[in-house]
Each structure stands twice: as C-alpha cells, then as structure tokens.
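Dropping input-v8.cif in here (mmCIF, C-alpha atoms and all ligand atoms):
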```cif
data_model
#
loop_
_atom_site.label_atom_id
_atom_site.label_comp_id
_atom_site.auth_asym_id
_atom_site.auth_seq_id
_atom_site.Cartn_x
_atom_site.Cartn_y
_atom_site.Cartn_z
CA MET D 1 -63.17 -1.11 50.59
CA PRO D 2 -64.16 -3.15 47.53
CA PHE D 3 -61.54 -4.07 44.94
CA ALA D 4 -62.05 -3.18 41.26
CA HIS D 5 -61.72 -6.28 39.08
CA ILE D 6 -61.62 -6.45 35.30
CA ILE D 7 -64.44 -8.88 34.48
CA GLY D 8 -64.64 -8.33 30.72
CA THR D 9 -62.56 -7.06 27.81
CA GLY D 10 -63.47 -6.18 24.23
CA SER D 11 -62.09 -4.45 21.17
CA ALA D 12 -63.17 -3.31 17.73
CA VAL D 13 -61.16 -2.04 14.77
CA PRO D 14 -62.32 -0.78 11.36
CA GLU D 15 -62.36 -3.24 8.47
CA ARG D 16 -60.18 -1.23 6.09
CA VAL D 17 -56.45 -2.03 6.29
CA LEU D 18 -53.98 0.64 5.15
CA THR D 19 -50.55 -0.91 4.59
CA ASN D 20 -47.19 0.82 4.40
CA GLN D 21 -47.21 0.02 0.68
CA ASP D 22 -50.51 1.91 0.36
CA LEU D 23 -48.90 4.87 2.15
CA GLU D 24 -46.02 4.83 -0.35
CA GLN D 25 -48.64 5.93 -2.91
CA ILE D 26 -49.85 8.81 -0.72
CA VAL D 27 -46.69 10.39 0.76
CA ASP D 28 -42.95 10.26 0.11
CA THR D 29 -42.15 7.30 2.35
CA THR D 30 -41.15 3.65 2.23
CA ASP D 31 -42.22 0.49 4.01
CA GLU D 32 -38.60 0.05 5.06
CA TRP D 33 -38.44 3.52 6.75
CA ILE D 34 -41.73 3.06 8.61
CA VAL D 35 -40.87 -0.43 9.89
CA ARG D 36 -37.33 0.54 10.90
CA ARG D 37 -38.34 3.76 12.70
CA SER D 38 -41.63 2.65 14.25
CA GLY D 39 -42.28 -1.11 13.85
CA ILE D 40 -45.65 -0.40 12.17
CA LYS D 41 -46.62 -2.45 9.10
CA GLU D 42 -50.28 -1.57 8.72
CA ARG D 43 -53.11 0.24 10.47
CA ARG D 44 -56.92 0.33 10.33
CA ILE D 45 -58.72 3.36 8.93
CA ALA D 46 -62.39 4.00 9.64
CA ARG D 47 -64.93 4.51 6.86
CA GLN D 48 -67.83 6.91 7.26
CA ASP D 49 -69.96 4.85 4.86
CA LYS D 50 -69.54 1.85 7.16
CA ASN D 51 -70.60 3.99 10.14
CA GLU D 52 -67.22 3.38 11.80
CA THR D 53 -67.43 6.47 13.98
CA THR D 54 -65.62 6.97 17.28
CA THR D 55 -68.90 6.24 19.08
CA GLU D 56 -69.70 3.10 17.04
CA LEU D 57 -66.20 1.65 17.48
CA GLY D 58 -66.37 2.32 21.23
CA LEU D 59 -69.84 0.83 21.38
CA SER D 60 -68.76 -2.41 19.68
CA ALA D 61 -65.79 -2.75 22.05
CA ALA D 62 -68.06 -2.04 25.04
CA ARG D 63 -70.62 -4.63 23.92
CA ARG D 64 -67.91 -7.28 23.60
CA ALA D 65 -66.59 -6.47 27.08
CA MET D 66 -70.13 -6.76 28.48
CA GLN D 67 -70.59 -10.06 26.67
CA THR D 68 -67.39 -11.58 28.15
CA ALA D 69 -68.47 -10.34 31.57
CA GLY D 70 -72.10 -11.47 31.21
CA VAL D 71 -73.26 -8.04 32.37
CA THR D 72 -76.40 -6.29 31.11
CA ALA D 73 -76.67 -2.57 30.39
CA ASP D 74 -78.88 -1.83 33.39
CA GLN D 75 -76.16 -3.13 35.76
CA ILE D 76 -73.64 -0.51 34.61
CA ASP D 77 -73.43 2.57 36.80
CA GLY D 78 -70.46 4.32 35.19
CA ILE D 79 -69.20 4.83 31.62
CA ILE D 80 -65.87 6.57 31.07
CA ALA D 81 -64.75 7.14 27.48
CA ALA D 82 -61.15 8.15 26.87
CA THR D 83 -60.83 9.89 23.52
CA VAL D 84 -59.32 12.89 21.75
CA THR D 85 -61.30 12.32 18.56
CA GLY D 86 -64.92 12.24 19.70
CA ASP D 87 -67.51 12.56 16.94
CA ARG D 88 -68.66 15.91 18.33
CA LEU D 89 -67.16 18.64 20.51
CA PHE D 90 -70.09 17.83 22.79
CA PRO D 91 -71.96 15.90 24.10
CA SER D 92 -69.46 13.36 25.31
CA THR D 93 -68.75 10.14 23.44
CA ALA D 94 -69.54 8.34 26.71
CA CYS D 95 -73.11 9.73 26.70
CA MET D 96 -73.62 8.65 23.10
CA ILE D 97 -72.38 5.14 23.97
CA GLN D 98 -74.69 5.17 27.01
CA LYS D 99 -77.70 5.90 24.81
CA GLU D 100 -76.91 3.10 22.36
CA LEU D 101 -76.31 0.60 25.17
CA GLY D 102 -79.44 1.66 27.03
CA ALA D 103 -77.31 1.92 30.19
CA ASP D 104 -79.77 4.28 31.82
CA ASN D 105 -78.41 3.85 35.36
CA ALA D 106 -74.91 5.08 34.48
CA ALA D 107 -73.13 8.41 34.88
CA ALA D 108 -71.19 8.89 31.64
CA TYR D 109 -68.32 11.25 30.83
CA ASP D 110 -65.20 11.59 28.67
CA ILE D 111 -61.54 11.96 29.57
CA SER D 112 -59.08 13.84 27.37
CA ALA D 113 -55.57 12.73 28.27
CA GLY D 114 -54.16 11.83 24.85
CA CYS D 115 -52.68 8.37 24.61
CA SER D 116 -52.75 8.08 28.42
CA GLY D 117 -56.55 8.45 28.46
CA PHE D 118 -57.23 4.79 29.18
CA VAL D 119 -54.95 4.75 32.24
CA TYR D 120 -56.59 7.97 33.47
CA GLY D 121 -59.97 6.27 32.95
CA LEU D 122 -58.84 3.23 34.95
CA GLU D 123 -57.81 5.56 37.77
CA GLN D 124 -61.24 7.23 37.82
CA ALA D 125 -63.12 3.94 37.66
CA ASN D 126 -60.93 2.37 40.35
CA ASN D 127 -61.39 5.36 42.67
CA GLY D 128 -65.17 5.28 42.19
CA ILE D 129 -65.38 1.56 42.92
CA ARG D 130 -62.96 1.70 45.89
CA MET D 131 -64.94 4.57 47.43
CA GLY D 132 -68.23 2.74 46.93
CA VAL D 133 -69.57 5.44 44.59
CA SER D 134 -70.00 2.98 41.73
CA ARG D 135 -69.94 -0.78 41.32
CA THR D 136 -69.83 -1.69 37.64
CA VAL D 137 -67.96 0.68 35.33
CA LEU D 138 -67.11 0.55 31.63
CA VAL D 139 -63.83 2.16 30.60
CA VAL D 140 -63.61 2.63 26.85
CA GLY D 141 -60.67 3.96 24.82
CA THR D 142 -61.90 4.88 21.35
CA GLU D 143 -60.26 6.90 18.59
CA ARG D 144 -60.61 7.85 14.96
CA LEU D 145 -57.22 9.53 14.60
CA SER D 146 -57.55 9.41 10.81
CA SER D 147 -59.99 12.32 11.21
CA VAL D 148 -57.24 14.63 12.51
CA LEU D 149 -54.36 13.48 10.32
CA ASN D 150 -52.70 15.62 7.71
CA TRP D 151 -52.32 13.12 4.88
CA GLU D 152 -49.57 15.27 3.39
CA ASP D 153 -47.39 15.11 6.52
CA ARG D 154 -45.33 11.90 6.26
CA SER D 155 -43.85 12.38 9.73
CA THR D 156 -47.25 11.80 11.39
CA CYS D 157 -49.74 10.13 9.03
CA VAL D 158 -47.75 6.88 8.88
CA LEU D 159 -47.83 6.43 12.66
CA LEU D 160 -51.48 6.54 13.67
CA GLY D 161 -54.60 4.44 13.26
CA ASP D 162 -58.22 3.97 14.37
CA GLY D 163 -59.79 1.53 16.84
CA ALA D 164 -61.39 0.99 20.22
CA GLY D 165 -60.96 -1.17 23.30
CA ALA D 166 -62.94 -1.53 26.51
CA VAL D 167 -62.80 -3.14 29.90
CA LEU D 168 -65.61 -3.70 32.35
CA LEU D 169 -64.72 -3.23 36.02
CA HIS D 170 -66.73 -4.59 38.92
CA GLY D 171 -66.30 -4.11 42.65
CA SER D 172 -66.03 -7.11 44.96
CA ASP D 173 -64.54 -7.95 48.37
CA GLU D 174 -62.07 -10.42 46.87
CA PRO D 175 -58.56 -8.87 46.92
CA GLY D 176 -56.87 -8.25 43.53
CA GLY D 177 -57.87 -6.42 40.38
CA ILE D 178 -56.54 -2.88 39.97
CA LEU D 179 -53.76 -2.77 42.58
CA SER D 180 -52.64 0.80 41.86
CA THR D 181 -52.82 3.68 39.41
CA HIS D 182 -50.25 6.45 39.06
CA ILE D 183 -50.88 9.38 36.71
CA LYS D 184 -48.81 12.49 35.88
CA SER D 185 -48.86 15.35 33.43
CA ASP D 186 -46.69 18.25 32.29
CA GLY D 187 -48.69 20.95 30.50
CA ARG D 188 -45.53 22.95 29.79
CA LEU D 189 -44.89 20.62 26.87
CA TRP D 190 -48.41 20.52 25.42
CA ASP D 191 -47.19 21.88 22.10
CA LEU D 192 -45.16 18.75 21.32
CA LEU D 193 -48.40 17.06 20.23
CA TYR D 194 -51.68 18.80 19.54
CA ALA D 195 -54.54 19.26 17.08
CA GLU D 196 -54.57 22.54 15.19
CA ALA D 197 -58.22 23.47 15.61
CA GLY D 198 -60.78 22.96 18.32
CA ASN D 199 -62.13 25.33 20.91
CA ASN D 200 -60.50 28.40 19.37
CA PRO D 201 -62.36 31.73 19.33
CA PRO D 202 -64.97 31.69 16.50
CA PRO D 203 -63.06 33.68 13.84
CA ALA D 204 -59.93 31.57 14.16
CA MET D 205 -62.01 28.45 14.18
CA LEU D 206 -63.89 29.40 11.04
CA GLU D 207 -60.63 30.21 9.33
CA SER D 208 -59.01 27.00 10.45
CA LEU D 209 -62.01 24.93 9.41
CA ALA D 210 -61.93 26.46 5.95
CA PHE D 211 -58.21 26.15 5.33
CA LEU D 212 -56.71 23.81 7.88
CA PRO D 213 -58.72 20.83 9.09
CA HIS D 214 -58.07 19.72 12.66
CA HIS D 215 -54.59 18.61 11.80
CA LEU D 216 -52.40 16.86 14.29
CA LYS D 217 -48.97 18.42 14.84
CA MET D 218 -46.20 16.47 16.45
CA GLU D 219 -42.54 16.89 17.32
CA GLY D 220 -41.82 13.17 17.25
CA ASN D 221 -38.17 13.32 18.14
CA ARG D 222 -38.66 15.44 21.29
CA LEU D 223 -41.66 13.32 22.30
CA PHE D 224 -39.58 10.18 22.02
CA LYS D 225 -37.02 11.64 24.43
CA GLN D 226 -39.74 12.60 26.93
CA ALA D 227 -41.68 9.34 26.61
CA VAL D 228 -38.97 6.87 27.57
CA PRO D 229 -37.80 8.28 30.95
CA SER D 230 -41.37 9.24 31.97
CA MET D 231 -42.73 5.76 31.26
CA VAL D 232 -39.79 4.11 33.00
CA LYS D 233 -40.09 6.28 36.12
CA ILE D 234 -43.82 5.84 36.56
CA ALA D 235 -43.61 2.09 35.89
CA GLU D 236 -40.91 1.82 38.58
CA GLN D 237 -43.12 3.79 40.98
CA ALA D 238 -46.01 1.40 40.30
CA ILE D 239 -43.86 -1.69 40.86
CA GLU D 240 -42.34 -0.31 44.07
CA HIS D 241 -45.72 0.91 45.37
CA ASN D 242 -46.99 -2.67 45.24
CA LYS D 243 -43.79 -4.06 46.78
CA LEU D 244 -43.29 -6.18 43.67
CA SER D 245 -40.11 -6.86 41.74
CA ARG D 246 -39.66 -6.70 37.95
CA GLU D 247 -39.64 -10.50 37.87
CA ASP D 248 -43.18 -10.57 39.31
CA ILE D 249 -44.57 -8.82 36.24
CA GLN D 250 -45.92 -11.50 33.89
CA LEU D 251 -46.80 -9.07 31.09
CA MET D 252 -46.17 -5.41 30.36
CA VAL D 253 -48.88 -3.88 28.15
CA PRO D 254 -47.58 -0.47 27.10
CA HIS D 255 -49.16 2.20 24.94
CA GLN D 256 -48.36 1.15 21.37
CA ALA D 257 -46.67 4.25 19.95
CA ASN D 258 -43.38 3.04 18.54
CA VAL D 259 -41.56 -0.27 18.99
CA ARG D 260 -38.30 1.57 19.64
CA ILE D 261 -39.92 3.36 22.60
CA LEU D 262 -41.16 0.02 23.93
CA GLN D 263 -37.73 -1.59 23.53
CA ALA D 264 -36.04 1.33 25.32
CA VAL D 265 -38.56 1.26 28.19
CA ALA D 266 -38.31 -2.53 28.55
CA GLU D 267 -34.51 -2.40 28.52
CA ARG D 268 -34.36 0.24 31.24
CA LEU D 269 -36.92 -1.63 33.35
CA GLN D 270 -34.97 -4.85 32.74
CA ILE D 271 -38.13 -6.55 31.52
CA PRO D 272 -37.39 -8.92 28.59
CA MET D 273 -39.24 -8.18 25.32
CA GLU D 274 -40.94 -11.63 25.55
CA LYS D 275 -42.90 -10.11 28.45
CA VAL D 276 -43.89 -6.99 26.50
CA TYR D 277 -47.11 -7.21 24.51
CA THR D 278 -46.94 -5.52 21.11
CA ASN D 279 -49.53 -5.31 18.37
CA LEU D 280 -48.54 -1.96 16.86
CA HIS D 281 -47.33 -3.67 13.68
CA LYS D 282 -51.05 -4.31 12.95
CA TYR D 283 -52.70 -1.12 14.21
CA GLY D 284 -50.11 1.67 14.55
CA ASN D 285 -50.69 4.13 17.36
CA THR D 286 -54.40 4.21 18.25
CA SER D 287 -53.90 6.62 21.18
CA SER D 288 -56.22 5.90 24.13
CA ALA D 289 -57.51 2.74 22.40
CA SER D 290 -54.13 1.04 22.19
CA ILE D 291 -53.88 -0.38 25.73
CA PRO D 292 -57.44 -1.78 25.96
CA ILE D 293 -57.13 -3.33 22.47
CA ALA D 294 -53.81 -4.87 23.54
CA LEU D 295 -55.27 -6.11 26.85
CA ASP D 296 -58.18 -7.73 25.01
CA GLU D 297 -55.93 -9.42 22.44
CA ALA D 298 -53.39 -10.53 25.05
CA TYR D 299 -56.18 -12.09 27.10
CA GLN D 300 -57.81 -13.75 24.06
CA GLU D 301 -54.41 -15.16 23.02
CA GLY D 302 -53.87 -16.67 26.48
CA ARG D 303 -50.95 -14.35 27.28
CA ILE D 304 -52.61 -13.27 30.57
CA LYS D 305 -54.01 -15.70 33.11
CA LYS D 306 -55.92 -15.30 36.34
CA GLY D 307 -53.67 -14.03 39.12
CA ASP D 308 -51.00 -12.61 36.77
CA TYR D 309 -49.53 -9.20 37.51
CA VAL D 310 -49.96 -6.99 34.44
CA LEU D 311 -48.18 -3.64 34.16
CA VAL D 312 -49.85 -1.11 31.87
CA VAL D 313 -47.96 2.07 31.10
CA ALA D 314 -48.89 4.97 28.84
CA PHE D 315 -47.57 8.26 27.53
CA GLY D 316 -49.33 10.86 25.41
CA ALA D 317 -50.41 14.37 24.51
CA GLY D 318 -50.68 16.87 27.32
CA LEU D 319 -48.08 15.69 28.07
CA THR D 320 -49.56 12.95 30.19
CA TRP D 321 -48.35 9.60 31.43
CA GLY D 322 -49.48 6.89 33.77
CA ALA D 323 -49.10 3.32 34.96
CA SER D 324 -51.26 0.74 36.63
CA ILE D 325 -50.64 -2.71 38.06
CA ILE D 326 -53.51 -5.10 37.56
CA GLN D 327 -53.80 -8.51 39.14
CA TRP D 328 -55.79 -10.24 36.43
CA SER D 329 -59.16 -11.58 37.53
CA LEU D 330 -60.39 -13.48 34.45
N1 LIG D 401 -40.85 8.41 5.55
C1 LIG D 401 -39.60 8.69 5.18
N2 LIG D 401 -38.85 9.64 5.80
C2 LIG D 401 -39.43 10.30 6.82
C3 LIG D 401 -40.74 10.04 7.26
C4 LIG D 401 -41.45 9.03 6.56
N3 LIG D 401 -42.71 8.69 6.91
N4 LIG D 401 -41.01 10.86 8.29
C5 LIG D 401 -39.93 11.58 8.53
N5 LIG D 401 -38.96 11.27 7.64
C6 LIG D 401 -37.62 11.80 7.53
C7 LIG D 401 -37.47 13.16 8.14
O1 LIG D 401 -37.87 14.16 7.21
C8 LIG D 401 -36.01 13.22 8.48
O2 LIG D 401 -35.31 13.53 7.29
P1 LIG D 401 -34.01 14.49 7.36
O3 LIG D 401 -33.02 13.73 8.20
O4 LIG D 401 -33.63 14.60 5.92
O5 LIG D 401 -34.48 15.75 7.99
C9 LIG D 401 -35.66 11.78 8.83
O6 LIG D 401 -36.73 10.97 8.29
C10 LIG D 401 -35.53 11.51 10.31
O7 LIG D 401 -36.64 12.08 10.97
P2 LIG D 401 -36.76 12.02 12.53
O8 LIG D 401 -38.02 12.69 12.94
O9 LIG D 401 -35.50 12.49 13.17
O10 LIG D 401 -36.85 10.43 12.75
P3 LIG D 401 -36.96 9.64 14.09
O11 LIG D 401 -35.95 8.59 14.11
O12 LIG D 401 -37.08 10.52 15.30
O13 LIG D 401 -38.36 8.91 13.92
C11 LIG D 401 -40.60 9.12 14.68
C12 LIG D 401 -39.52 9.68 13.79
C13 LIG D 401 -40.97 7.74 14.16
C14 LIG D 401 -41.79 10.03 14.63
C15 LIG D 401 -40.08 9.00 16.11
O14 LIG D 401 -39.47 10.21 16.51
C16 LIG D 401 -41.13 8.67 17.07
O15 LIG D 401 -41.75 7.62 17.01
N6 LIG D 401 -41.35 9.55 18.05
C17 LIG D 401 -42.35 9.35 19.03
C18 LIG D 401 -43.62 9.70 18.43
C19 LIG D 401 -44.65 9.18 19.26
O16 LIG D 401 -44.51 8.14 19.81
N7 LIG D 401 -45.68 9.95 19.33
C20 LIG D 401 -46.73 9.62 20.07
C21 LIG D 401 -46.31 9.49 21.52
S1 LIG D 401 -47.38 10.21 22.41
C22 LIG D 401 -48.70 9.53 21.84
O17 LIG D 401 -48.72 8.38 21.52
C23 LIG D 401 -49.83 10.41 21.68
#
```
Just give me the structure of the file as structure tokens.
Amino acid sequence: MPFAHIIGTGSAVPERVLTNQDLEQIVDTTDEWIVRRSGIKERRIARQDKNETTTELGLSAARRAMQTAGVTADQIDGIIAATVTGDRLFPSTACMIQKELGADNAAAYDISAGCSGFVYGLEQANNGIRMGVSRTVLVVGTERLSSVLNWEDRSTCVLLGDGAGAVLLHGSDEPGGILSTHIKSDGRLWDLLYAEAGNNPPPAMLESLAFLPHHLKMEGNRLFKQAVPSMVKIAEQAIEHNKLSREDIQLMVPHQANVRILQAVAERLQIPMEKVYTNLHKYGNTSSASIPIALDEAYQEGRIKKGDYVLVVAFGAGLTWGASIIQWSL
C-alpha cells in the first residue's frame, strides 16, 4: 500500500486586519477581555470588493501548496475542500477551485465537519491514496466565517476570522507521511454551534433570509467543556495507535479556537506549550482553515523538519473531532 506524504503546503488570508481595538468600536467588549478569555489579538476579514471569497482564498492556498510541491494541475486526481462557509449552497467549493486550477483529472468534493473539516479531509485523502484510488490529492480548508457572524453578538464575533490553508498529498512507497487518522462525532450536541439558516424549508428560509442572516449561534462555555476531553482522548488514541510516546511528538498543531483550550489540552497530554504551535493571536478561529494555515506557517518558520512527528488535533461543530499523526516529509 502506498503511503500518503505531504509534499506541499500553502495558505492565504485576507488583507484586512480587524484588531480587538476595532471591535471595541463595534460591540461592548475590550481588548483585555478578548485576550484574557481567548488569546486572540486580531483576525483577518475578507472583502467582497477584493474578491476574497471562500473559493478565491482556497484557490490561493492551493496554488501555493502546488508551487511548493512542484505539481501541475493535470497531475491532481483529487480535491477535497473542507468548509462550512462555501460561496454557494451548491456546487461544491472544491469544484469551483477545480475549475480555476484547470485540474480536469480530479474528482472534487466538499466536507462539512466544522472546525474538524481539515482532519476529516486528511482522512479521506489518506484512505484514497492508501487504497490506490488516487495518487495526488489537494486538501483545502477554506472559510469566510465573517459571512455568518452576527456583528451584534459579542460572545461570538470576537472569536472568528477568515482564511484558507492547503496541503498537497502524494502517494509513494517510502514509509512515513500520514501515519494515522482518527475521527469522531456526536450529533446529539449539534445545537452547541450552528448557523441559523441554510437548508430549511422554503418559507422558513425566506423569512430567515429577510430578518436573520445566516447567523452563527454558539454556546461557548459548554463547547469549551466538550472540546478539551474530546481532543485529549483522541490525541492519546492517535499516539498509542502509532506506538509513540508524548516525547516523540515534535510539534502539536491543534485547531486554533482558544488559547485556554490549547493550554488545557497540552497540560493533560503532558506536552509542553513550546511544542504547541499557536497563531490564533493573529487570525482568531478560522474553523477548517486553522490547521492547514498553522501547518504552512510552522513549516515556513522551520518549526517542522523532515522526519518529525506532528500531531494535529481538531474539534468543531457537529460536534466533530479528530486527530492525525504525520511524519513530516518535506
Ligand atoms: N467582551 C466582553 N464580555 C463578554 C464578551 C466579550 N466579547 N463575550 C461574553 N462576555 C461576557 C458574558 O456576557 C459574560 O458576562 P456575565 O458573567 O455578566 O454573564 C462573561 O463575559 C463570561 O462569559 P462566558 O461565556 O462565561 O466566558 P468564558 O470564559 O466561557 O469565555 C468563550 C467565552 C471565549 C467563548 C469561551 O467559552 C470559549 O472560547 N469557548 C469555546 C468556544 C470555541 O472554542 N468555539 C469553537 C470551538 S469549536 C469550533 O472551533 C468550531
């Protein structure tokens, strides 16, 4: 069975920076509250007039991943886009990225798994490559969460941001790459984090479109309590599955939701914070984009080297969670 190696990474964020001080002018909040409760200092917000759509952000990240890998569009046979804020209900964001890339040999589809979408995408891509169904697969996490935010709700609008990240996976006989993926979900708790409108019956949808845009609703406190033990348990499963110890993990790249969640997860896993990659102070929570952006930045900054064991772990709407151990190939 071939092994699925990451041969390229890329990311793209909108130009516009929205700081905590800017948010103080919009809702009743303070920089001090946001930093203390979440660790976030600023986030990027997409602009329509700059064509910073979910598709365009994903496309830019994908192009950068292809560039690092030296792969052309015709060599790609799979495109998986993880997103909950696609530009349209359908077709998929992945198909729109496919068109712009000219990746005519690919099968393209989206995954909706909230902030765990990228890890779910890795699982799909890894399975396809391991089974010999595909050989070169793009996994893109791309979000424009600003499009579903209620800018009057201070408990959510300060936490989220826009951006995209991508990895390019390629099958080869050399051992390494994606060593494992574990994914889980619990639909009983879907209403802890959801968007108000969507595929509702037409009358409700018309009503909600007129009066209530697709606002995100979140019970942050209850999510926090679910996120920590779920991320810890699945990360432990991943480490044990690969017969590794915590000390073998060179870098943990978690979903960037809240620095307090990351500190709690790291503490319970007994992984020191120096080995936990964080960039949420710059971008906030970008949902499925947060792990691939972090992987790209960590790699560009020299925090990950060839042969390193990288633990990625995510938690998000659904509820969903997942973990993967990657032996870095670049
Ligand atoms: N500015 C100032 N005060 C605020 C703000 C704000 N932006 N937002 C809420 N408050 C107030 C509340 O009204 C509340 O006031 P009260 O005590 O008078 O009622 C007080 O601050 C405390 O609110 P809590 O919600 O209890 O604060 P908490 O410490 O739980 O922090 C937070 C809130 C940051 C949302 C936290 O619960 C959290 O990060 N949860 C996880 C959220 C998350 O990670 N979601 C995504 C995970 S899944 C995914 O990524 C898709």
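A straight line drawn from atom C7 of ligand LIG 401 (chain D) to atom CA of Asn221 of chain D is 10.0 Å long.
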To box segment 166-169 of chain D, take all atoms listed in the file, fit an axis-aligned box, add 4 Å on each side, and give centre and edge lengths in Å to one decimal, as lines of an AutoDock Vina configuration file.
```
center_x = -64.2
center_y = -2.6
center_z = 31.3
size_x = 10.8
size_y = 10.2
size_z = 17.5
```
Could you report the residues within 9 Å of ligand LIG 401 (chain D), using all atoms listed in the file, as a CSV table (one decimal) with C-alpha atoms, in the coordinates of the input?
```csv
chain,number,residue,atom,x,y,z
D,23,LEU,CA,-48.9,4.9,2.2
D,24,GLU,CA,-46.0,4.8,-0.4
D,27,VAL,CA,-46.7,10.4,0.8
D,28,ASP,CA,-43.0,10.3,0.1
D,29,THR,CA,-42.2,7.3,2.4
D,30,THR,CA,-41.2,3.6,2.2
D,31,ASP,CA,-42.2,0.5,4.0
D,32,GLU,CA,-38.6,0.0,5.1
D,33,TRP,CA,-38.4,3.5,6.8
D,34,ILE,CA,-41.7,3.1,8.6
D,36,ARG,CA,-37.3,0.5,10.9
D,37,ARG,CA,-38.3,3.8,12.7
D,38,SER,CA,-41.6,2.6,14.2
D,39,GLY,CA,-42.3,-1.1,13.8
D,114,GLY,CA,-54.2,11.8,24.8
D,115,CYS,CA,-52.7,8.4,24.6
D,116,SER,CA,-52.8,8.1,28.4
D,153,ASP,CA,-47.4,15.1,6.5
D,154,ARG,CA,-45.3,11.9,6.3
D,155,SER,CA,-43.8,12.4,9.7
D,156,THR,CA,-47.2,11.8,11.4
D,157,CYS,CA,-49.7,10.1,9.0
D,158,VAL,CA,-47.8,6.9,8.9
D,159,LEU,CA,-47.8,6.4,12.7
D,160,LEU,CA,-51.5,6.5,13.7
D,192,LEU,CA,-45.2,18.8,21.3
D,193,LEU,CA,-48.4,17.1,20.2
D,194,TYR,CA,-51.7,18.8,19.5
D,218,MET,CA,-46.2,16.5,16.4
D,219,GLU,CA,-42.5,16.9,17.3
D,220,GLY,CA,-41.8,13.2,17.2
D,221,ASN,CA,-38.2,13.3,18.1
D,222,ARG,CA,-38.7,15.4,21.3
D,223,LEU,CA,-41.7,13.3,22.3
D,224,PHE,CA,-39.6,10.2,22.0
D,225,LYS,CA,-37.0,11.6,24.4
D,226,GLN,CA,-39.7,12.6,26.9
D,227,ALA,CA,-41.7,9.3,26.6
D,255,HIS,CA,-49.2,2.2,24.9
D,256,GLN,CA,-48.4,1.2,21.4
D,257,ALA,CA,-46.7,4.2,20.0
D,258,ASN,CA,-43.4,3.0,18.5
D,259,VAL,CA,-41.6,-0.3,19.0
D,260,ARG,CA,-38.3,1.6,19.6
D,261,ILE,CA,-39.9,3.4,22.6
D,285,ASN,CA,-50.7,4.1,17.4
D,286,THR,CA,-54.4,4.2,18.2
D,287,SER,CA,-53.9,6.6,21.2
D,288,SER,CA,-56.2,5.9,24.1
D,314,ALA,CA,-48.9,5.0,28.8
D,315,PHE,CA,-47.6,8.3,27.5
D,316,GLY,CA,-49.3,10.9,25.4
D,317,ALA,CA,-50.4,14.4,24.5
D,318,GLY,CA,-50.7,16.9,27.3
D,319,LEU,CA,-48.1,15.7,28.1
D,320,THR,CA,-49.6,13.0,30.2
```
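Between atom CA of Ala82 of chain D and atom CA of Glu174 of chain D the interatomic distance comes to 27.3 Å.
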Have a look at atom CA of Ala62 of chain D and atom CA of Asn126 of chain D and let me know their distance in Å, one decimal. 17.5 Å
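Near Lys282 of chain D, within 10 Å and counting all atoms listed in the file, sit D:Val17, D:Leu18, D:Thr19, D:Gly39, D:Ile40, D:Lys41, D:Glu42, D:Arg43, D:Arg44, D:Gly161, D:Thr278, D:Asn279, D:Leu280, D:Gly284, D:Asn285, not including residues fewer than 2 positions from it in the same chain.
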All residues 9 Å or closer to Gly70 of chain D, all atoms listed in the file, same chain fewer than 5 positions away omitted, as number ranges by chain: D: 7-8, 65
Would you please work out which residue, of D:Val228, D:Ala238, D:Ile45, D:Ala294, is nearest to Arg16 of chain D when using all atoms listed in the file? D:Ile45
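Closest approach to Leu330 of chain D among D:Tyr120, D:Ile6, D:Leu89, D:Thr54 is made by D:Ile6 (distances from all atoms listed in the file).
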Tell me which protein, DNA and RNA residues are within 7 Å of His5 of chain D, counting only C-alpha atoms, leaving out same-chain ones fewer than 4 positions away, and put them as a list of chain:residue names. D:Leu169, D:His170, D:Gly171, D:Gly176, D:Gly177, D:Ile178, D:Ser329
